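Source file: model.pdb (PDB, C-alpha atoms and all ligand atoms)
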```
ATOM      1  CA  MET A   1       7.170   2.073 -19.995
ATOM      2  CA  SER A   2       8.815   1.649 -23.374
ATOM      3  CA  TRP A   3       7.930  -0.977 -25.924
ATOM      4  CA  LYS A   4      11.302  -2.637 -25.211
ATOM      5  CA  THR A   5      10.430  -2.934 -21.508
ATOM      6  CA  LEU A   6       7.098  -4.523 -22.389
ATOM      7  CA  GLU A   7       8.868  -7.023 -24.651
ATOM      8  CA  THR A   8      11.269  -7.926 -21.845
ATOM      9  CA  ASN A   9       8.802  -8.048 -18.963
ATOM     10  CA  GLN A  10       5.652  -9.380 -20.641
ATOM     11  CA  PRO A  11       6.814 -10.850 -23.971
ATOM     12  CA  HIS A  12       3.534 -12.691 -24.648
ATOM     13  CA  VAL A  13       1.599  -9.421 -24.340
ATOM     14  CA  ALA A  14       3.895  -7.597 -26.770
ATOM     15  CA  LYS A  15       3.587 -10.494 -29.203
ATOM     16  CA  MET A  16      -0.207 -10.543 -28.933
ATOM     17  CA  ILE A  17      -0.399  -6.814 -29.676
ATOM     18  CA  VAL A  18       1.944  -7.058 -32.666
ATOM     19  CA  ASN A  19       0.186 -10.100 -34.135
ATOM     20  CA  SER A  20      -3.313  -8.738 -33.760
ATOM     21  CA  ILE A  21      -2.346  -5.515 -35.517
ATOM     22  CA  ARG A  22      -0.257  -7.144 -38.263
ATOM     23  CA  LYS A  23      -2.972  -9.686 -39.018
ATOM     24  CA  GLU A  24      -5.711  -7.099 -38.620
ATOM     25  CA  ARG A  25      -7.344  -9.163 -35.950
ATOM     26  CA  VAL A  26      -7.775  -6.599 -33.234
ATOM     27  CA  ALA A  27     -10.536  -7.844 -30.900
ATOM     28  CA  HIS A  28     -13.436  -5.674 -29.739
ATOM     29  CA  ALA A  29     -12.590  -6.174 -26.101
ATOM     30  CA  TYR A  30      -9.568  -7.212 -24.078
ATOM     31  CA  LEU A  31      -9.294  -7.914 -20.387
ATOM     32  CA  PHE A  32      -5.789  -7.376 -19.011
ATOM     33  CA  GLU A  33      -5.530  -9.157 -15.682
ATOM     34  CA  GLY A  34      -2.644  -9.514 -13.270
ATOM     35  CA  GLN A  35      -1.167  -8.231 -10.042
ATOM     36  CA  LYS A  36      -0.525  -4.611  -9.287
ATOM     37  CA  GLY A  37       2.674  -3.311 -10.853
ATOM     38  CA  THR A  38       2.752  -5.730 -13.776
ATOM     39  CA  GLY A  39       2.316  -2.875 -16.266
ATOM     40  CA  LYS A  40      -1.266  -3.446 -17.471
ATOM     41  CA  LYS A  41      -2.129   0.214 -17.886
ATOM     42  CA  GLU A  42       1.198   0.993 -19.551
ATOM     43  CA  ALA A  43       0.662  -1.927 -21.937
ATOM     44  CA  ALA A  44      -2.861  -0.678 -22.736
ATOM     45  CA  LEU A  45      -1.449   2.748 -23.579
ATOM     46  CA  LEU A  46       1.264   1.161 -25.734
ATOM     47  CA  PHE A  47      -1.452  -0.810 -27.520
ATOM     48  CA  ALA A  48      -3.340   2.426 -28.144
ATOM     49  CA  LYS A  49      -0.197   4.144 -29.433
ATOM     50  CA  ARG A  50       0.586   1.175 -31.638
ATOM     51  CA  LEU A  51      -2.923   1.436 -33.157
ATOM     52  CA  PHE A  52      -2.934   5.192 -33.609
ATOM     53  CA  CYS A  53       0.744   5.919 -34.336
ATOM     54  CA  LEU A  54       1.214   7.928 -37.526
ATOM     55  CA  ALA A  55       4.789   6.856 -38.154
ATOM     56  CA  ASN A  56       5.188   3.708 -40.156
ATOM     57  CA  VAL A  57       7.466   1.905 -37.763
ATOM     58  CA  TYR A  58       7.357  -1.857 -38.045
ATOM     59  CA  ASP A  59       6.645  -2.850 -34.421
ATOM     60  CA  GLU A  60       7.052  -0.051 -31.961
ATOM     61  CA  PRO A  61       5.021   3.083 -31.469
ATOM     62  CA  CYS A  62       7.266   6.029 -32.373
ATOM     63  CA  GLU A  63       6.475   8.007 -29.162
ATOM     64  CA  ALA A  64       7.116  11.166 -31.184
ATOM     65  CA  CYS A  65       4.162  11.707 -33.530
ATOM     66  CA  VAL A  66       1.224  13.840 -32.479
ATOM     67  CA  ASN A  67      -0.954  10.774 -31.743
ATOM     68  CA  CYS A  68       1.631   9.038 -29.566
ATOM     69  CA  ARG A  69       2.232  12.234 -27.649
ATOM     70  CA  ARG A  70      -1.450  12.963 -27.122
ATOM     71  CA  ILE A  71      -2.128   9.439 -25.898
ATOM     72  CA  GLN A  72       0.797   9.780 -23.500
ATOM     73  CA  SER A  73      -0.544  13.051 -22.096
ATOM     74  CA  GLY A  74      -4.117  11.741 -21.928
ATOM     75  CA  ASN A  75      -5.778  14.071 -24.409
ATOM     76  CA  HIS A  76      -6.264  12.131 -27.607
ATOM     77  CA  PRO A  77      -9.898  12.714 -28.677
ATOM     78  CA  ASP A  78     -10.421   9.063 -29.664
ATOM     79  CA  VAL A  79      -8.724   7.404 -26.706
ATOM     80  CA  HIS A  80     -10.606   7.462 -23.390
ATOM     81  CA  LEU A  81      -9.557   6.345 -19.952
ATOM     82  CA  VAL A  82     -12.160   5.592 -17.277
ATOM     83  CA  SER A  83     -10.972   5.295 -13.665
ATOM     84  CA  PRO A  84     -12.942   4.775 -10.433
ATOM     85  CA  ASP A  85     -14.665   7.908  -9.205
ATOM     86  CA  GLY A  86     -13.946   7.549  -5.493
ATOM     87  CA  ASN A  87     -14.374   3.877  -4.622
ATOM     88  CA  SER A  88     -16.266   2.738  -7.675
ATOM     89  CA  ILE A  89     -16.923   3.194 -11.358
ATOM     90  CA  LYS A  90     -20.445   4.565 -11.617
ATOM     91  CA  LYS A  91     -23.130   3.856 -14.184
ATOM     92  CA  GLN A  92     -23.021   7.491 -15.250
ATOM     93  CA  GLN A  93     -19.352   7.164 -16.214
ATOM     94  CA  ILE A  94     -20.119   4.242 -18.516
ATOM     95  CA  GLU A  95     -23.081   6.141 -20.010
ATOM     96  CA  GLN A  96     -20.876   9.133 -20.728
ATOM     97  CA  LEU A  97     -18.439   6.819 -22.433
ATOM     98  CA  GLN A  98     -21.225   5.287 -24.556
ATOM     99  CA  GLU A  99     -22.428   8.720 -25.524
ATOM    100  CA  GLU A 100     -18.931   9.676 -26.537
ATOM    101  CA  PHE A 101     -18.656   6.543 -28.639
ATOM    102  CA  THR A 102     -21.880   7.068 -30.560
ATOM    103  CA  LYS A 103     -20.208  10.068 -32.156
ATOM    104  CA  THR A 104     -17.932   9.103 -34.983
ATOM    105  CA  ALA A 105     -14.261   9.111 -34.266
ATOM    106  CA  VAL A 106     -12.936  12.627 -34.385
ATOM    107  CA  GLU A 107      -9.705  12.092 -36.208
ATOM    108  CA  SER A 108      -9.325   8.489 -37.159
ATOM    109  CA  SER A 109     -11.711   5.724 -37.939
ATOM    110  CA  ARG A 110     -11.049   4.053 -34.579
ATOM    111  CA  LYS A 111     -11.914   4.679 -30.973
ATOM    112  CA  LEU A 112     -10.407   2.995 -27.967
ATOM    113  CA  TYR A 113     -11.320   3.059 -24.306
ATOM    114  CA  ILE A 114      -9.510   1.747 -21.254
ATOM    115  CA  ILE A 115     -11.342   0.951 -18.013
ATOM    116  CA  GLU A 116      -8.986   0.915 -15.068
ATOM    117  CA  HIS A 117      -9.919  -1.261 -12.046
ATOM    118  CA  ALA A 118     -12.841  -2.717 -13.989
ATOM    119  CA  ASP A 119     -13.667  -4.884 -10.951
ATOM    120  CA  GLN A 120     -14.744  -1.711  -9.143
ATOM    121  CA  MET A 121     -17.720  -1.118 -11.437
ATOM    122  CA  THR A 122     -21.051  -0.928  -9.629
ATOM    123  CA  VAL A 123     -23.601  -3.581 -10.672
ATOM    124  CA  GLN A 124     -25.430  -0.940 -12.733
ATOM    125  CA  ALA A 125     -22.209   0.198 -14.399
ATOM    126  CA  ALA A 126     -21.269  -3.405 -15.207
ATOM    127  CA  ASN A 127     -24.705  -4.026 -16.752
ATOM    128  CA  SER A 128     -24.397  -0.875 -18.850
ATOM    129  CA  LEU A 129     -20.971  -1.926 -20.044
ATOM    130  CA  LEU A 130     -22.270  -5.399 -20.844
ATOM    131  CA  LYS A 131     -24.883  -3.935 -23.212
ATOM    132  CA  PHE A 132     -22.173  -1.833 -24.772
ATOM    133  CA  LEU A 133     -19.971  -4.890 -25.300
ATOM    134  CA  GLU A 134     -22.883  -6.823 -26.772
ATOM    135  CA  GLU A 135     -23.220  -4.340 -29.637
ATOM    136  CA  PRO A 136     -19.628  -3.971 -30.725
ATOM    137  CA  SER A 137     -18.838  -1.472 -33.404
ATOM    138  CA  ALA A 138     -16.210  -2.647 -35.834
ATOM    139  CA  LYS A 139     -13.964   0.253 -35.000
ATOM    140  CA  THR A 140     -14.198   0.216 -31.219
ATOM    141  CA  VAL A 141     -11.610  -1.380 -28.965
ATOM    142  CA  ALA A 142     -12.169  -1.826 -25.234
ATOM    143  CA  ILE A 143      -9.382  -2.672 -22.796
ATOM    144  CA  LEU A 144     -10.478  -3.566 -19.272
ATOM    145  CA  LEU A 145      -7.837  -3.721 -16.556
ATOM    146  CA  THR A 146      -8.124  -5.656 -13.300
ATOM    147  CA  GLU A 147      -6.092  -7.040 -10.446
ATOM    148  CA  GLN A 148      -9.052  -9.211  -9.452
ATOM    149  CA  LEU A 149     -10.361 -11.226 -12.353
ATOM    150  CA  HIS A 150     -12.726 -13.213 -10.096
ATOM    151  CA  ARG A 151     -14.642 -10.027  -9.309
ATOM    152  CA  ILE A 152     -15.592  -9.363 -12.922
ATOM    153  CA  LEU A 153     -19.015 -10.552 -14.136
ATOM    154  CA  PRO A 154     -18.553 -13.835 -16.049
ATOM    155  CA  THR A 155     -20.761 -12.442 -18.823
ATOM    156  CA  ILE A 156     -18.259  -9.611 -19.280
ATOM    157  CA  VAL A 157     -15.242 -11.922 -19.117
ATOM    158  CA  SER A 158     -16.745 -14.142 -21.807
ATOM    159  CA  ARG A 159     -16.937 -11.204 -24.205
ATOM    160  CA  CYS A 160     -13.288 -10.265 -23.748
ATOM    161  CA  GLN A 161     -10.010 -11.757 -24.848
ATOM    162  CA  VAL A 162      -8.308 -12.319 -21.482
ATOM    163  CA  ILE A 163      -4.583 -11.537 -21.355
ATOM    164  CA  SER A 164      -2.699 -12.449 -18.165
ATOM    165  CA  PHE A 165       0.222 -10.361 -16.924
ATOM    166  CA  HIS A 166       2.874 -12.220 -14.965
ATOM    167  CA  PRO A 167       4.606 -10.814 -11.889
ATOM    168  CA  LEU A 168       8.271  -9.921 -12.379
ATOM    169  CA  PRO A 169      10.697 -12.172 -10.525
ATOM    170  CA  THR A 170      11.936 -10.613  -7.262
ATOM    171  CA  GLU A 171      15.575 -11.201  -8.240
ATOM    172  CA  ARG A 172      15.174  -9.081 -11.393
ATOM    173  CA  ILE A 173      13.777  -6.182  -9.388
ATOM    174  CA  TYR A 174      16.436  -6.586  -6.702
ATOM    175  CA  ALA A 175      19.256  -6.570  -9.265
ATOM    176  CA  TYR A 176      17.796  -3.442 -10.870
ATOM    177  CA  LEU A 177      17.611  -1.623  -7.508
ATOM    178  CA  GLN A 178      21.201  -2.544  -6.712
ATOM    179  CA  GLN A 179      22.262  -1.123 -10.079
ATOM    180  CA  GLN A 180      20.514   2.078  -9.046
ATOM    181  CA  GLY A 181      22.602   2.189  -5.873
ATOM    182  CA  VAL A 182      19.883   1.256  -3.362
ATOM    183  CA  ALA A 183      21.215  -0.187  -0.087
ATOM    184  CA  ARG A 184      20.886  -3.964   0.181
ATOM    185  CA  GLY A 185      18.415  -4.136   3.091
ATOM    186  CA  LEU A 186      15.985  -1.716   1.467
ATOM    187  CA  ALA A 187      16.449  -3.192  -2.013
ATOM    188  CA  ILE A 188      15.513  -6.718  -0.900
ATOM    189  CA  LEU A 189      12.400  -5.462   0.889
ATOM    190  CA  ALA A 190      11.241  -3.149  -1.884
ATOM    191  CA  ALA A 191      11.720  -5.957  -4.426
ATOM    192  CA  ARG A 192       9.589  -8.276  -2.289
ATOM    193  CA  VAL A 193       6.835  -5.745  -1.652
ATOM    194  CA  THR A 194       6.066  -4.919  -5.288
ATOM    195  CA  ASN A 195       6.358  -6.474  -8.740
ATOM    196  CA  SER A 196       6.904  -3.170 -10.437
ATOM    197  CA  LEU A 197      10.378  -1.821 -11.189
ATOM    198  CA  GLU A 198       9.283   1.798 -10.998
ATOM    199  CA  GLU A 199       7.322   1.344  -7.795
ATOM    200  CA  ALA A 200      10.191  -0.563  -6.172
ATOM    201  CA  LEU A 201      12.645   2.187  -7.050
ATOM    202  CA  GLN A 202      10.266   4.867  -5.817
ATOM    203  CA  LEU A 203       9.639   3.027  -2.529
ATOM    204  CA  SER A 204      13.312   2.382  -1.871
ATOM    205  CA  GLN A 205      14.106   6.078  -2.315
ATOM    206  CA  ASP A 206      11.203   7.224  -0.164
ATOM    207  CA  ASP A 207      11.838   8.201   3.485
ATOM    208  CA  TRP A 208       8.385   6.871   4.294
ATOM    209  CA  PHE A 209       9.529   3.346   3.341
ATOM    210  CA  ALA A 210      12.758   3.541   5.365
ATOM    211  CA  GLN A 211      10.700   4.789   8.317
ATOM    212  CA  ALA A 212       8.163   1.983   7.789
ATOM    213  CA  ARG A 213      10.977  -0.541   8.031
ATOM    214  CA  LYS A 214      12.143   1.040  11.320
ATOM    215  CA  ILE A 215       8.659   0.856  12.835
ATOM    216  CA  VAL A 216       8.355  -2.803  11.873
ATOM    217  CA  VAL A 217      11.664  -3.526  13.641
ATOM    218  CA  GLN A 218      10.478  -1.535  16.668
ATOM    219  CA  LEU A 219       7.282  -3.559  16.808
ATOM    220  CA  TYR A 220       9.211  -6.809  16.624
ATOM    221  CA  GLU A 221      11.558  -5.744  19.435
ATOM    222  CA  ALA A 222       8.604  -4.692  21.573
ATOM    223  CA  LEU A 223       6.840  -8.010  20.903
ATOM    224  CA  ASN A 224       9.869  -9.784  22.277
ATOM    225  CA  LYS A 225       9.605  -7.773  25.480
ATOM    226  CA  GLN A 226       6.144  -6.922  26.708
ATOM    227  CA  TYR A 227       2.628  -6.994  25.346
ATOM    228  CA  VAL A 228       2.016  -3.431  26.567
ATOM    229  CA  GLN A 229       5.092  -2.150  24.775
ATOM    230  CA  ALA A 230       3.941  -3.667  21.518
ATOM    231  CA  LEU A 231       0.545  -1.966  21.937
ATOM    232  CA  LEU A 232       2.332   1.339  22.495
ATOM    233  CA  VAL A 233       4.284   0.958  19.263
ATOM    234  CA  ILE A 234       0.986   0.282  17.470
ATOM    235  CA  GLN A 235      -0.684   3.362  18.900
ATOM    236  CA  GLN A 236       2.197   5.792  18.741
ATOM    237  CA  HIS A 237       3.971   4.781  15.565
ATOM    238  CA  TRP A 238       2.186   2.168  13.485
ATOM    239  CA  LEU A 239      -1.282   3.724  13.192
ATOM    240  CA  THR A 240       0.116   7.197  12.510
ATOM    241  CA  HIS A 241       2.506   5.958   9.833
ATOM    242  CA  PHE A 242       0.324   3.421   8.026
ATOM    243  CA  THR A 243      -2.788   5.528   7.554
ATOM    244  CA  ASN A 244      -4.627   3.755   4.735
ATOM    245  CA  LYS A 245      -5.219   0.218   3.505
ATOM    246  CA  GLU A 246      -2.450   0.319   0.953
ATOM    247  CA  GLN A 247       0.099   1.520   3.499
ATOM    248  CA  MET A 248      -1.141  -0.999   6.072
ATOM    249  CA  ASN A 249      -0.681  -3.703   3.490
ATOM    250  CA  ILE A 250       2.940  -2.654   2.959
ATOM    251  CA  GLY A 251       3.495  -2.513   6.734
ATOM    252  CA  LEU A 252       2.111  -6.033   7.174
ATOM    253  CA  ASP A 253       4.232  -7.267   4.267
ATOM    254  CA  LEU A 254       7.333  -5.807   5.898
ATOM    255  CA  LEU A 255       6.415  -7.555   9.152
ATOM    256  CA  LEU A 256       5.859 -10.804   7.272
ATOM    257  CA  TYR A 257       9.334 -10.584   5.697
ATOM    258  CA  LEU A 258      10.850  -9.977   9.116
ATOM    259  CA  TYR A 259       9.405 -13.274  10.374
ATOM    260  CA  LYS A 260      10.579 -14.890   7.173
ATOM    261  CA  ASP A 261      14.091 -13.639   7.991
ATOM    262  CA  LEU A 262      13.786 -15.187  11.418
ATOM    263  CA  LEU A 263      12.935 -18.467   9.739
ATOM    264  CA  TYR A 264      15.998 -18.123   7.477
ATOM    265  CA  VAL A 265      18.187 -17.601  10.549
ATOM    266  CA  LEU A 266      16.694 -20.672  12.187
ATOM    267  CA  LEU A 267      17.416 -22.687   9.042
ATOM    268  CA  GLY A 268      20.969 -21.324   8.811
ATOM    269  CA  GLU A 269      20.308 -19.413   5.569
ATOM    270  CA  GLU A 270      21.416 -16.007   6.802
ATOM    271  CA  GLN A 271      22.520 -14.820   3.352
ATOM    272  CA  GLN A 272      18.840 -14.524   2.367
ATOM    273  CA  ILE A 273      17.806 -12.059   5.046
ATOM    274  CA  ALA A 274      16.603  -8.506   4.383
ATOM    275  CA  TYR A 275      16.828  -7.119   7.929
ATOM    276  CA  ASP A 276      20.586  -7.605   8.155
ATOM    277  CA  ASP A 277      20.862  -4.931  10.861
ATOM    278  CA  CYS A 278      18.701  -7.124  13.141
ATOM    279  CA  MET A 279      21.025 -10.094  13.046
ATOM    280  CA  THR A 280      21.902  -9.920  16.756
ATOM    281  CA  GLU A 281      18.234  -9.691  17.704
ATOM    282  CA  PHE A 282      17.420 -12.632  15.410
ATOM    283  CA  GLN A 283      20.231 -14.728  16.863
ATOM    284  CA  GLN A 284      18.748 -14.175  20.319
ATOM    285  CA  SER A 285      15.168 -14.795  19.156
ATOM    286  CA  ARG A 286      16.317 -18.134  17.811
ATOM    287  CA  PHE A 287      15.917 -19.567  21.282
ATOM    288  CA  LEU A 288      12.494 -18.036  21.783
ATOM    289  CA  TYR A 289      10.601 -19.386  18.791
ATOM    290  CA  SER A 290      10.291 -22.725  17.114
ATOM    291  CA  GLU A 291       9.896 -23.074  13.342
ATOM    292  CA  LYS A 292       6.273 -24.014  13.940
ATOM    293  CA  GLN A 293       5.637 -20.852  15.960
ATOM    294  CA  ILE A 294       7.181 -18.650  13.310
ATOM    295  CA  ALA A 295       4.989 -20.307  10.702
ATOM    296  CA  GLN A 296       1.945 -19.611  12.928
ATOM    297  CA  HIS A 297       2.964 -15.987  13.237
ATOM    298  CA  MET A 298       3.335 -15.671   9.490
ATOM    299  CA  ARG A 299      -0.140 -17.157   9.067
ATOM    300  CA  ALA A 300      -1.525 -14.619  11.548
ATOM    301  CA  ILE A 301       0.008 -11.770   9.524
ATOM    302  CA  LEU A 302      -1.467 -13.168   6.310
ATOM    303  CA  GLN A 303      -4.881 -13.344   8.003
ATOM    304  CA  ALA A 304      -4.525  -9.711   9.069
ATOM    305  CA  LYS A 305      -3.702  -8.801   5.466
ATOM    306  CA  ALA A 306      -6.895 -10.549   4.328
ATOM    307  CA  ARG A 307      -8.900  -8.694   6.987
ATOM    308  CA  LEU A 308      -7.781  -5.376   5.525
ATOM    309  CA  HIS A 309     -10.362  -5.936   2.794
ATOM    310  CA  THR A 310     -13.214  -6.395   5.263
ATOM    311  CA  ASN A 311     -13.005  -2.759   6.411
ATOM    312  CA  MET A 312     -12.183  -3.842   9.946
ATOM    313  CA  ASN A 313     -11.066  -1.029  12.252
ATOM    314  CA  PRO A 314      -7.253  -0.793  11.796
ATOM    315  CA  GLN A 315      -6.519  -0.422  15.503
ATOM    316  CA  LEU A 316      -8.589  -3.477  16.368
ATOM    317  CA  LEU A 317      -6.960  -5.398  13.534
ATOM    318  CA  MET A 318      -3.454  -4.593  14.766
ATOM    319  CA  GLU A 319      -4.285  -5.261  18.429
ATOM    320  CA  GLN A 320      -5.649  -8.671  17.534
ATOM    321  CA  LEU A 321      -2.534  -9.370  15.507
ATOM    322  CA  VAL A 322      -0.274  -8.355  18.397
ATOM    323  CA  LEU A 323      -2.186 -10.781  20.641
ATOM    324  CA  GLN A 324      -1.673 -13.581  18.138
ATOM    325  CA  LEU A 325       2.012 -12.765  17.746
ATOM    326  CA  ARG A 326       2.436 -12.949  21.506
ATOM    327  CA  GLU A 327       0.591 -16.255  21.737
ATOM    328  CA  GLY A 328       2.753 -19.214  22.548
ATOM    329  CA  SER A 329       5.763 -17.006  23.073
ATOM    330  CA  ALA A 330       8.042 -18.269  25.816
ATOM    331  CA  PHE A 331       7.600 -15.200  27.981
ATOM    332  CA  VAL A 332       4.020 -13.965  28.338
TER     333      VAL A 332
HETATM  334 ZN    ZN B   1       3.723   7.629 -33.110
END
```
Please re-express this file's structure in structure tokens.
Amino acid sequence: MSWKTLETNQPHVAKMIVNSIRKERVAHAYLFEGQKGTGKKEAALLFAKRLFCLANVYDEPCEACVNCRRIQSGNHPDVHLVSPDGNSIKKQQIEQLQEEFTKTAVESSRKLYIIEHADQMTVQAANSLLKFLEEPSAKTVAILLTEQLHRILPTIVSRCQVISFHPLPTERIYAYLQQQGVARGLAILAARVTNSLEEALQLSQDDWFAQARKIVVQLYEALNKQYVQALLVIQQHWLTHFTNKEQMNIGLDLLLYLYKDLLYVLLGEEQQIAYDDCMTEFQQSRFLYSEKQIAQHMRAILQAKARLHTNMNPQLLMEQLVLQLREGSAFV
């Protein structure tokens, strides 16, 4: 991400960074919060570059000096990035960081650390970090990143300046994908699935995503026929294609948007739909579902998405969903 992109996508963040540096009011700790794909980590790295950049450019980091380049490649001695080790950030990782920070800065008077997915700290790690934050050194800057602000200890939040990152509007992402030559159906879906330009482009060019869309359509067609057929699609295609939580989440999103399309068709707003190749199927389904039923189905999919976080068995989760999506259908 360039500084220009940050200024366009998250102008308040760019302004905060510029002001705090110009007025020499850099805080000891920041908490960047916002959805996935809003550019929190990229902004944290730009902040670091802006602080350490050797070129005297007014606002932007130069991206060319030795400091900018080392931050970019992750080997600046005074800039540290902590990420979850497996599923969590362990106490030991925070202790290592503290140890590192008791040494004086190697090359400049400042040190900066970024903690990615700060909500995944174990209780012990969070308590260690809290002590660290309670004894701030004048030259230390902490940037915590999270997609789930409510999971961060309030005592930690209160010691940080909280900066919220806003999701990019779907239309902006969609327009960008179209510029890049992505086919309409895939562009609309990719723009709805993520708030990140890069991720949307990557998804829309990935065979996995195109295949995911096909499986979702297959499931929908099977649901309109027989319960057993839908279960077969789950076992033979769905569970082998969506093999982890993140992929399952995308799959369920794609299914959700399909039902949303169905709703658009029912409301006569066909120009909005993403599954334009399913138009005939949708026109027929129009007589099978009422608006209320479609809304119920969308709720069921949202519930399934929420259950992903409870570590429920994926097969069970999908089978329950299929049952709910068959409920109240005109042809059991
Ligand atoms: Zn530079």
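Among the candidate residues A:Leu153, A:Leu201, A:Ile114, A:Ala64, the one lying nearest to ligand ZN 1 (chain B) is A:Ala64, with distances computed using all atoms listed in the file.
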Throw together the list of residues within 12 Å of ligand ZN 1 (chain B), counting only C-alpha atoms and all ligand atoms, and drop it here as a list in words.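 I would give the residues around ligand ZN 1 (chain B) as Trp3, Leu45, Leu46, Phe47, Ala48, Lys49, Arg50, Leu51, Phe52, Cys53, Leu54, Ala55, Asn56, Val57, Tyr58, Asp59, Glu60, Pro61, Cys62, Glu63, Ala64, Cys65, Val66, Asn67, Cys68, Arg69, Arg70, Ile71 and Gln72 of chain A.
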Per residue of segment 167-237 of chain A within 8 Å of segment 26-41 of chain A, which atom pair is closest and at what distance in Å (one decimal), using all atoms listed in the file, listed by chain and increasing number, as CSV?
```
residue,atom,partner,partner_atom,distance
A:Pro167,CA,A:Thr38,CA,5.7
A:Leu168,CA,A:Thr38,CA,7.1
A:Thr194,CA,A:Gly37,CA,6.7
A:Asn195,CA,A:Gly37,CA,5.3
A:Ser196,CA,A:Gly37,CA,4.3
A:Leu197,CA,A:Gly37,CA,7.9
A:Glu199,CA,A:Gly37,CA,7.3
```
Within-8 Å shell of (1.4, -17.5, 16.7) in input frame, all atoms listed in the file, as a PyMOL selection string: chain A and resi 293-300+324-329
Å distance separating atom CA of Glu99 of chain A from atom CA of Glu134 of chain A, one decimal place: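 Here the two named atoms are 15.6 Å from each other.
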Shortest contact to Gln148 of chain A, candidates A:Phe165, A:Tyr264, A:Phe287, A:Phe132, atoms counted all atoms listed in the file, goes to A:Phe165
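Distance-wise, atom CA of Glu116 of chain A and atom CA of Ile143 of chain A end up 8.5 Å apart.
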Please determine, counting only C-alpha atoms, which residue among A:Ser20, A:Asn9, A:Gln179, A:Ala118 has the shortest atom-to-atom distance to Thr146 of chain A.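 Smallest distance to Thr146 of chain A is found for A:Ala118.
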From atom CA of Leu323 of chain A to atom CA of Phe242 of chain A the spacing works out at 19.2 Å
Residue contacts of Gln272 of chain A (12 Å, only C-alpha atoms) excluding same-chain residues fewer than 4 positions away, as a list in words: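 Within the cut-off, the hits are Glu171, Arg184, Gly185, Ile188, Leu189, Tyr257, Leu258, Lys260, Asp261, Leu262, Leu263, Tyr264, Val265, Leu266, Leu267, Gly268, Asp276 and Met279 of chain A.
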Starting from the displayed file, determine the output of the PyMOL selection byres (((chain A and resi 213-226) around 8) and not hetatm) and express the residue list as a list in words.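 Answer for the PyMOL selection byres (((chain A and resi 213-226) around 8) and not hetatm): Phe209, Ala210, Gln211, Ala212, Tyr227, Val228, Gln229, Ala230, Val233, Ile234, His237, Trp238, Gly251, Leu254, Leu255, Leu258, Cys278, Glu281, Ser285, Val322, Leu325, Arg326 and Val332 of chain A.
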